[in-house]
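Structure file query_17.cif with mmCIF, N, CA and C atoms:
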```
data_final
loop_
_atom_site.label_atom_id
_atom_site.label_comp_id
_atom_site.auth_asym_id
_atom_site.auth_seq_id
_atom_site.Cartn_x
_atom_site.Cartn_y
_atom_site.Cartn_z
N MET A 1 0.84 -1.18 0.00
CA MET A 1 0.00 0.00 0.00
C MET A 1 0.89 1.24 0.00
N THR A 2 0.36 2.33 -0.46
CA THR A 2 1.11 3.58 -0.59
C THR A 2 1.37 4.18 0.79
N ALA A 3 2.42 4.95 0.88
CA ALA A 3 2.74 5.65 2.13
C ALA A 3 2.55 7.14 1.93
N LYS A 4 2.40 7.85 3.01
CA LYS A 4 2.19 9.29 3.00
C LYS A 4 3.33 9.94 3.77
N ARG A 5 3.88 10.98 3.23
CA ARG A 5 4.96 11.69 3.88
C ARG A 5 4.39 12.86 4.67
N SER A 6 4.79 12.98 5.91
CA SER A 6 4.35 14.11 6.72
C SER A 6 5.48 14.56 7.62
N LYS A 7 5.40 15.80 8.07
CA LYS A 7 6.41 16.34 8.98
C LYS A 7 6.02 16.03 10.41
N GLY A 8 6.97 15.61 11.18
CA GLY A 8 6.76 15.36 12.60
C GLY A 8 7.76 16.18 13.40
N ALA A 9 7.71 16.06 14.70
CA ALA A 9 8.62 16.82 15.56
C ALA A 9 10.07 16.45 15.27
N ALA A 10 10.29 15.21 14.85
CA ALA A 10 11.65 14.75 14.60
C ALA A 10 12.02 14.85 13.11
N GLY A 11 11.28 15.66 12.34
CA GLY A 11 11.57 15.80 10.92
C GLY A 11 10.60 14.99 10.09
N SER A 12 11.03 14.59 8.90
CA SER A 12 10.16 13.85 8.01
C SER A 12 9.89 12.45 8.54
N VAL A 13 8.65 12.05 8.40
CA VAL A 13 8.23 10.73 8.86
C VAL A 13 7.34 10.14 7.77
N TRP A 14 7.50 8.85 7.52
CA TRP A 14 6.61 8.18 6.58
C TRP A 14 5.55 7.45 7.38
N ARG A 15 4.29 7.70 7.03
CA ARG A 15 3.18 7.00 7.67
C ARG A 15 2.49 6.15 6.61
N ALA A 16 2.48 4.87 6.82
CA ALA A 16 1.82 3.99 5.86
C ALA A 16 0.32 4.03 6.06
N PHE A 17 -0.42 3.84 4.97
CA PHE A 17 -1.87 3.73 5.07
C PHE A 17 -2.23 2.56 5.99
N ASP A 18 -1.31 1.60 6.15
CA ASP A 18 -1.57 0.44 7.00
C ASP A 18 -1.85 0.85 8.44
N GLU A 19 -1.41 2.05 8.86
CA GLU A 19 -1.67 2.53 10.21
C GLU A 19 -3.12 2.95 10.37
N LEU A 20 -3.84 3.11 9.25
CA LEU A 20 -5.23 3.50 9.27
C LEU A 20 -6.11 2.25 9.39
N THR A 21 -7.37 2.46 9.70
CA THR A 21 -8.28 1.33 9.68
C THR A 21 -8.44 0.88 8.23
N PRO A 22 -8.66 -0.41 8.01
CA PRO A 22 -8.86 -0.88 6.62
C PRO A 22 -10.02 -0.16 5.94
N ALA A 23 -11.07 0.13 6.68
CA ALA A 23 -12.23 0.81 6.09
C ALA A 23 -11.86 2.21 5.61
N PHE A 24 -11.05 2.93 6.38
CA PHE A 24 -10.68 4.29 5.95
C PHE A 24 -9.65 4.24 4.83
N ALA A 25 -8.75 3.29 4.87
CA ALA A 25 -7.79 3.13 3.77
C ALA A 25 -8.53 2.87 2.46
N ALA A 26 -9.62 2.11 2.51
CA ALA A 26 -10.44 1.85 1.32
C ALA A 26 -11.08 3.15 0.81
N LEU A 27 -11.49 4.02 1.73
CA LEU A 27 -12.07 5.31 1.33
C LEU A 27 -11.03 6.17 0.64
N ILE A 28 -9.81 6.16 1.15
CA ILE A 28 -8.74 6.94 0.53
C ILE A 28 -8.55 6.48 -0.91
N THR A 29 -8.48 5.18 -1.09
CA THR A 29 -8.31 4.62 -2.43
C THR A 29 -9.49 4.99 -3.33
N GLU A 30 -10.69 4.89 -2.81
CA GLU A 30 -11.90 5.19 -3.58
C GLU A 30 -11.95 6.65 -4.02
N PHE A 31 -11.71 7.57 -3.10
CA PHE A 31 -11.93 8.99 -3.39
C PHE A 31 -10.75 9.70 -4.02
N THR A 32 -9.54 9.26 -3.79
CA THR A 32 -8.40 10.00 -4.36
C THR A 32 -8.24 9.75 -5.85
N ASN A 33 -9.09 8.93 -6.43
CA ASN A 33 -9.11 8.79 -7.89
C ASN A 33 -9.74 10.01 -8.54
N SER A 34 -10.47 10.80 -7.77
CA SER A 34 -11.08 12.03 -8.27
C SER A 34 -10.04 13.14 -8.24
N PRO A 35 -9.95 13.94 -9.32
CA PRO A 35 -8.94 15.02 -9.34
C PRO A 35 -9.21 16.12 -8.30
N ARG A 36 -10.42 16.22 -7.79
CA ARG A 36 -10.74 17.27 -6.81
C ARG A 36 -10.45 16.84 -5.38
N VAL A 37 -10.13 15.56 -5.17
CA VAL A 37 -9.98 15.03 -3.81
C VAL A 37 -8.52 14.79 -3.48
N THR A 38 -8.15 15.21 -2.27
CA THR A 38 -6.81 14.95 -1.74
C THR A 38 -6.94 14.33 -0.37
N TYR A 39 -5.85 13.74 0.10
CA TYR A 39 -5.80 13.13 1.42
C TYR A 39 -4.62 13.70 2.19
N GLY A 40 -4.83 13.91 3.48
CA GLY A 40 -3.74 14.26 4.37
C GLY A 40 -3.61 15.74 4.63
N GLY A 41 -2.60 16.07 5.38
CA GLY A 41 -2.33 17.43 5.77
C GLY A 41 -1.57 17.44 7.08
N ARG A 42 -1.56 18.57 7.72
CA ARG A 42 -0.87 18.72 9.00
C ARG A 42 -1.88 19.01 10.09
N GLY A 43 -1.56 18.62 11.30
CA GLY A 43 -2.40 18.93 12.45
C GLY A 43 -3.82 18.44 12.28
N PHE A 44 -4.79 19.29 12.61
CA PHE A 44 -6.19 18.93 12.46
C PHE A 44 -6.44 18.59 11.00
N GLY A 45 -6.99 17.44 10.77
CA GLY A 45 -7.23 17.01 9.39
C GLY A 45 -6.06 16.31 8.76
N GLY A 46 -5.09 15.91 9.56
CA GLY A 46 -3.93 15.20 9.04
C GLY A 46 -4.29 13.88 8.39
N ARG A 47 -5.41 13.31 8.83
CA ARG A 47 -5.92 12.06 8.23
C ARG A 47 -7.31 12.34 7.66
N ALA A 48 -7.37 13.31 6.75
CA ALA A 48 -8.66 13.76 6.21
C ALA A 48 -8.70 13.66 4.70
N LEU A 49 -9.89 13.38 4.20
CA LEU A 49 -10.18 13.48 2.78
C LEU A 49 -10.77 14.86 2.55
N ARG A 50 -10.27 15.53 1.52
CA ARG A 50 -10.71 16.89 1.22
C ARG A 50 -11.17 16.98 -0.23
N VAL A 51 -12.21 17.75 -0.45
CA VAL A 51 -12.65 18.07 -1.80
C VAL A 51 -12.43 19.58 -1.97
N ASP A 52 -11.66 19.93 -2.96
CA ASP A 52 -11.29 21.33 -3.20
C ASP A 52 -10.73 21.99 -1.94
N GLY A 53 -9.97 21.23 -1.16
CA GLY A 53 -9.32 21.75 0.03
C GLY A 53 -10.16 21.73 1.30
N ARG A 54 -11.44 21.34 1.20
CA ARG A 54 -12.33 21.32 2.37
C ARG A 54 -12.56 19.89 2.84
N ILE A 55 -12.41 19.66 4.13
CA ILE A 55 -12.56 18.32 4.70
C ILE A 55 -14.01 17.86 4.61
N PHE A 56 -14.18 16.60 4.16
CA PHE A 56 -15.52 16.00 4.18
C PHE A 56 -15.57 14.72 5.00
N ALA A 57 -14.44 14.06 5.19
CA ALA A 57 -14.38 12.85 6.02
C ALA A 57 -12.97 12.70 6.56
N MET A 58 -12.86 12.16 7.79
CA MET A 58 -11.53 12.01 8.38
C MET A 58 -11.56 11.01 9.52
N LEU A 59 -10.37 10.62 9.94
CA LEU A 59 -10.19 9.92 11.20
C LEU A 59 -9.65 10.96 12.16
N ASP A 60 -10.26 11.06 13.34
CA ASP A 60 -9.77 12.04 14.31
C ASP A 60 -8.57 11.48 15.05
N SER A 61 -8.06 12.21 16.01
CA SER A 61 -6.85 11.80 16.73
C SER A 61 -7.05 10.53 17.53
N ARG A 62 -8.30 10.14 17.76
CA ARG A 62 -8.60 8.90 18.49
C ARG A 62 -8.99 7.76 17.55
N GLY A 63 -8.85 8.00 16.25
CA GLY A 63 -9.13 6.96 15.26
C GLY A 63 -10.60 6.77 14.95
N ARG A 64 -11.44 7.76 15.29
CA ARG A 64 -12.87 7.65 15.03
C ARG A 64 -13.19 8.26 13.67
N PHE A 65 -14.17 7.68 12.98
CA PHE A 65 -14.58 8.17 11.66
C PHE A 65 -15.52 9.36 11.83
N VAL A 66 -15.16 10.48 11.18
CA VAL A 66 -15.89 11.74 11.30
C VAL A 66 -16.28 12.20 9.91
N VAL A 67 -17.54 12.66 9.77
CA VAL A 67 -18.02 13.18 8.49
C VAL A 67 -18.74 14.50 8.69
N LYS A 68 -18.79 15.29 7.61
CA LYS A 68 -19.56 16.54 7.61
C LYS A 68 -20.77 16.32 6.72
N VAL A 69 -21.96 16.44 7.31
CA VAL A 69 -23.20 16.22 6.58
C VAL A 69 -24.16 17.38 6.85
N PRO A 70 -25.19 17.54 6.01
CA PRO A 70 -26.16 18.61 6.26
C PRO A 70 -26.80 18.47 7.64
N ARG A 71 -27.19 19.58 8.21
CA ARG A 71 -27.75 19.60 9.58
C ARG A 71 -28.93 18.63 9.74
N ALA A 72 -29.82 18.58 8.76
CA ALA A 72 -30.97 17.67 8.86
C ALA A 72 -30.52 16.21 8.92
N ARG A 73 -29.52 15.86 8.12
CA ARG A 73 -28.98 14.50 8.14
C ARG A 73 -28.29 14.22 9.46
N ALA A 74 -27.56 15.19 9.98
CA ALA A 74 -26.90 15.04 11.27
C ALA A 74 -27.93 14.78 12.36
N ASP A 75 -29.00 15.57 12.37
CA ASP A 75 -30.05 15.40 13.37
C ASP A 75 -30.67 14.01 13.29
N GLU A 76 -30.89 13.53 12.07
CA GLU A 76 -31.46 12.20 11.86
C GLU A 76 -30.55 11.11 12.42
N MET A 77 -29.26 11.20 12.12
CA MET A 77 -28.31 10.19 12.60
C MET A 77 -28.17 10.23 14.11
N LEU A 78 -28.19 11.43 14.68
CA LEU A 78 -28.12 11.56 16.14
C LEU A 78 -29.34 10.93 16.79
N ALA A 79 -30.52 11.18 16.23
CA ALA A 79 -31.76 10.63 16.78
C ALA A 79 -31.79 9.11 16.71
N ARG A 80 -31.20 8.54 15.68
CA ARG A 80 -31.17 7.08 15.51
C ARG A 80 -30.04 6.42 16.29
N GLY A 81 -29.19 7.21 16.92
CA GLY A 81 -28.07 6.65 17.68
C GLY A 81 -26.94 6.14 16.80
N GLN A 82 -26.87 6.63 15.56
CA GLN A 82 -25.83 6.20 14.63
C GLN A 82 -24.57 7.04 14.73
N ALA A 83 -24.65 8.14 15.49
CA ALA A 83 -23.52 9.07 15.57
C ALA A 83 -23.65 9.92 16.83
N VAL A 84 -22.55 10.58 17.16
CA VAL A 84 -22.53 11.58 18.23
C VAL A 84 -21.88 12.83 17.65
N ASN A 85 -22.15 13.97 18.27
CA ASN A 85 -21.54 15.21 17.82
C ASN A 85 -20.03 15.13 17.94
N PHE A 86 -19.33 15.68 16.96
CA PHE A 86 -17.87 15.75 17.00
C PHE A 86 -17.48 16.99 17.78
N GLU A 87 -16.68 16.77 18.81
CA GLU A 87 -16.18 17.86 19.66
C GLU A 87 -14.66 17.78 19.73
N PRO A 88 -13.95 18.52 18.87
CA PRO A 88 -12.49 18.48 18.94
C PRO A 88 -11.98 19.02 20.26
N VAL A 89 -12.75 19.93 20.87
CA VAL A 89 -12.47 20.44 22.21
C VAL A 89 -13.72 20.14 23.03
N PRO A 90 -13.58 19.43 24.16
CA PRO A 90 -14.76 19.07 24.94
C PRO A 90 -15.67 20.28 25.22
N GLY A 91 -16.97 20.06 24.98
CA GLY A 91 -17.94 21.11 25.20
C GLY A 91 -18.14 22.07 24.04
N ARG A 92 -17.42 21.85 22.93
CA ARG A 92 -17.54 22.72 21.77
C ARG A 92 -17.81 21.90 20.51
N PRO A 93 -19.04 21.43 20.37
CA PRO A 93 -19.35 20.62 19.17
C PRO A 93 -19.28 21.44 17.90
N MET A 94 -18.84 20.79 16.83
CA MET A 94 -18.80 21.44 15.52
C MET A 94 -20.10 21.10 14.80
N LYS A 95 -20.80 22.12 14.34
CA LYS A 95 -22.07 21.92 13.64
C LYS A 95 -21.84 21.09 12.38
N GLU A 96 -22.75 20.20 12.12
CA GLU A 96 -22.76 19.35 10.94
C GLU A 96 -21.67 18.27 10.93
N TRP A 97 -20.85 18.20 11.97
CA TRP A 97 -19.78 17.21 12.04
C TRP A 97 -20.18 16.12 13.02
N LEU A 98 -20.07 14.86 12.58
CA LEU A 98 -20.47 13.72 13.41
C LEU A 98 -19.37 12.68 13.50
N VAL A 99 -19.29 12.04 14.67
CA VAL A 99 -18.48 10.84 14.85
C VAL A 99 -19.44 9.68 14.64
N VAL A 100 -19.16 8.85 13.67
CA VAL A 100 -20.03 7.72 13.35
C VAL A 100 -19.81 6.62 14.38
N THR A 101 -20.91 6.18 15.00
CA THR A 101 -20.81 5.15 16.04
C THR A 101 -21.45 3.83 15.62
N GLY A 102 -22.34 3.87 14.67
CA GLY A 102 -23.02 2.65 14.22
C GLY A 102 -22.35 2.06 12.99
N SER A 103 -22.77 0.87 12.65
CA SER A 103 -22.21 0.22 11.46
C SER A 103 -23.03 0.51 10.21
N THR A 104 -24.22 1.07 10.39
CA THR A 104 -25.03 1.45 9.24
C THR A 104 -25.44 2.90 9.40
N PRO A 105 -25.48 3.68 8.37
CA PRO A 105 -25.01 3.33 7.03
C PRO A 105 -23.50 3.13 6.99
N SER A 106 -23.05 2.53 5.89
CA SER A 106 -21.62 2.21 5.77
C SER A 106 -20.79 3.49 5.68
N TRP A 107 -19.50 3.35 5.99
CA TRP A 107 -18.58 4.47 5.88
C TRP A 107 -18.57 5.00 4.44
N LEU A 108 -18.60 4.10 3.47
CA LEU A 108 -18.57 4.53 2.07
C LEU A 108 -19.82 5.35 1.74
N THR A 109 -20.97 4.90 2.17
CA THR A 109 -22.21 5.63 1.93
C THR A 109 -22.15 7.02 2.55
N LEU A 110 -21.70 7.08 3.80
CA LEU A 110 -21.61 8.38 4.49
C LEU A 110 -20.56 9.28 3.85
N ALA A 111 -19.44 8.72 3.45
CA ALA A 111 -18.39 9.52 2.81
C ALA A 111 -18.90 10.09 1.49
N ARG A 112 -19.68 9.32 0.75
CA ARG A 112 -20.26 9.82 -0.50
C ARG A 112 -21.23 10.97 -0.22
N GLU A 113 -22.06 10.81 0.80
CA GLU A 113 -22.98 11.90 1.19
C GLU A 113 -22.19 13.15 1.58
N ALA A 114 -21.15 12.95 2.39
CA ALA A 114 -20.34 14.07 2.84
C ALA A 114 -19.64 14.75 1.67
N TYR A 115 -19.12 13.96 0.77
CA TYR A 115 -18.45 14.50 -0.42
C TYR A 115 -19.41 15.38 -1.21
N GLN A 116 -20.60 14.85 -1.50
CA GLN A 116 -21.60 15.61 -2.27
C GLN A 116 -21.96 16.92 -1.56
N TYR A 117 -22.12 16.84 -0.25
CA TYR A 117 -22.49 18.04 0.51
C TYR A 117 -21.37 19.09 0.47
N VAL A 118 -20.17 18.70 0.81
CA VAL A 118 -19.06 19.65 0.89
C VAL A 118 -18.65 20.16 -0.49
N ALA A 119 -18.73 19.31 -1.50
CA ALA A 119 -18.37 19.72 -2.85
C ALA A 119 -19.29 20.82 -3.38
N ASN A 120 -20.49 20.90 -2.83
CA ASN A 120 -21.47 21.88 -3.30
C ASN A 120 -21.64 23.07 -2.37
N LEU A 121 -20.78 23.21 -1.37
CA LEU A 121 -20.86 24.36 -0.46
C LEU A 121 -20.37 25.62 -1.14
#
```
Could you quickly redo this structure as structure tokens?
Amino acid sequence: MTAKRSKGAAGSVWRAFDELTPAFAALITEFTNSPRVTYGGRGFGGRALRVDGRIFAMLDSRGRFVVKVPRARADEMLARGQAVNFEPVPGRPMKEWLVVTGSTPSWLTLAREAYQYVANL
């Protein structure tokens, strides 16, 4: 599998996709075939998929799958217990950002929804 180069405190470091969950590595492969989509970065969003530079799906620092979806969709998923609000700082939830907790819908389905939403912002 391909590796990603990133800067760390000790200089350049290679991080293999193998360090990611297999499900997220599959998303990287699926979406980076699009010319508008990139993966990676520094700091917040270091393990993020971006469309035109804007994050639509990522693994957070705790390895949880996070997506940005329309508010109505977020409310629906929260009500069904499929997700919780994403709070990068405790007590400060980010609107439209969810940590996926359920197995349905699939990560691929959610990533496609998130891509469509963010690509049209």
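The residue that comes closest to Asp60 in chain A, out of A:Leu20, A:Ala72, A:Leu78, A:Leu108 and on the basis of only C-alpha atoms, is A:Leu20.
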Inset, instruction - Figure out the distance between CA of Leu59 in chain A and atom C of Arg47 in chain A, please, to one decimal in Å. - result: 5.2 Å
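With the shown file loaded, the PyMOL selection byres ((chain A and resi 84) around 6.5) picks out Met77, Leu78, Gly81, Gln82, Ala83, Asn85, Phe86, Trp97, Leu98, Val99, Val100 and Thr101 of chain A.
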Got time to write the residues from that selection, N, CA and C atoms, as an mmCIF file, in the coordinates of the input?
```
data_model
loop_
_atom_site.group_PDB
_atom_site.id
_atom_site.type_symbol
_atom_site.label_atom_id
_atom_site.label_comp_id
_atom_site.auth_asym_id
_atom_site.auth_seq_id
_atom_site.Cartn_x
_atom_site.Cartn_y
_atom_site.Cartn_z
ATOM 1 N N MET A 77 -29.260 11.200 12.120
ATOM 2 C CA MET A 77 -28.310 10.190 12.600
ATOM 3 C C MET A 77 -28.170 10.230 14.110
ATOM 4 N N LEU A 78 -28.190 11.430 14.680
ATOM 5 C CA LEU A 78 -28.120 11.560 16.140
ATOM 6 C C LEU A 78 -29.340 10.930 16.790
ATOM 7 N N GLY A 81 -29.190 7.210 16.920
ATOM 8 C CA GLY A 81 -28.070 6.650 17.680
ATOM 9 C C GLY A 81 -26.940 6.140 16.800
ATOM 10 N N GLN A 82 -26.870 6.630 15.560
ATOM 11 C CA GLN A 82 -25.830 6.200 14.630
ATOM 12 C C GLN A 82 -24.570 7.040 14.730
ATOM 13 N N ALA A 83 -24.650 8.140 15.490
ATOM 14 C CA ALA A 83 -23.520 9.070 15.570
ATOM 15 C C ALA A 83 -23.650 9.920 16.830
ATOM 16 N N ASN A 85 -22.150 13.970 18.270
ATOM 17 C CA ASN A 85 -21.540 15.210 17.820
ATOM 18 C C ASN A 85 -20.030 15.130 17.940
ATOM 19 N N PHE A 86 -19.330 15.680 16.960
ATOM 20 C CA PHE A 86 -17.870 15.750 17.000
ATOM 21 C C PHE A 86 -17.480 16.990 17.780
ATOM 22 N N TRP A 97 -20.850 18.200 11.970
ATOM 23 C CA TRP A 97 -19.780 17.210 12.040
ATOM 24 C C TRP A 97 -20.180 16.120 13.020
ATOM 25 N N LEU A 98 -20.070 14.860 12.580
ATOM 26 C CA LEU A 98 -20.470 13.720 13.410
ATOM 27 C C LEU A 98 -19.370 12.680 13.500
ATOM 28 N N VAL A 99 -19.290 12.040 14.670
ATOM 29 C CA VAL A 99 -18.480 10.840 14.850
ATOM 30 C C VAL A 99 -19.440 9.680 14.640
ATOM 31 N N VAL A 100 -19.160 8.850 13.670
ATOM 32 C CA VAL A 100 -20.030 7.720 13.350
ATOM 33 C C VAL A 100 -19.810 6.620 14.380
ATOM 34 N N THR A 101 -20.910 6.180 15.000
ATOM 35 C CA THR A 101 -20.810 5.150 16.040
ATOM 36 C C THR A 101 -21.450 3.830 15.620
#
```
Legend entry - Residue members of the PyMOL selection byres (((chain A and resi 115 and name CA) around 12) and name CA) in the file shown, as a count of residues only: 37
Inset, instruction - List every residue of chain A that DSSP, applied to the backbone, labels as helix (DSSP H, G or I), and write the result as a ChimeraX atom specification. - result: /A:17-19,22-31,71-79,107-119
Inset, instruction - Tell me which of A:Gly41, A:Glu87, A:Ile28, A:Lys95 sits closest to Ala74 in chain A, counting only N, CA and C atoms. - result: A:Lys95
Inset, instruction - Quote the spacing between atom C of Ser106 in chain A and atom N of Pro93 in chain A in Å to one decimal place. - result: 23.3 Å
Inset, instruction - Would you list, as an NGL selection string, the residues of range 43-100 of chain A that end up in strand (DSSP E or B) under DSSP run on this structure's backbone? - result: :A and (48-51 or 54-59 or 65-68 or 83-85 or 89 or 92 or 97-100)
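With atom N of Thr21 in chain A on one side and CA of Gly63 in chain A on the other, the separation reads 7.4 Å.
Restricting the calculation to only C-alpha atoms, the smallest distance between Ser103 in chain A and any of A:Gly91, A:Gly43, A:Ala79, A:Phe65 is found for A:Phe65.
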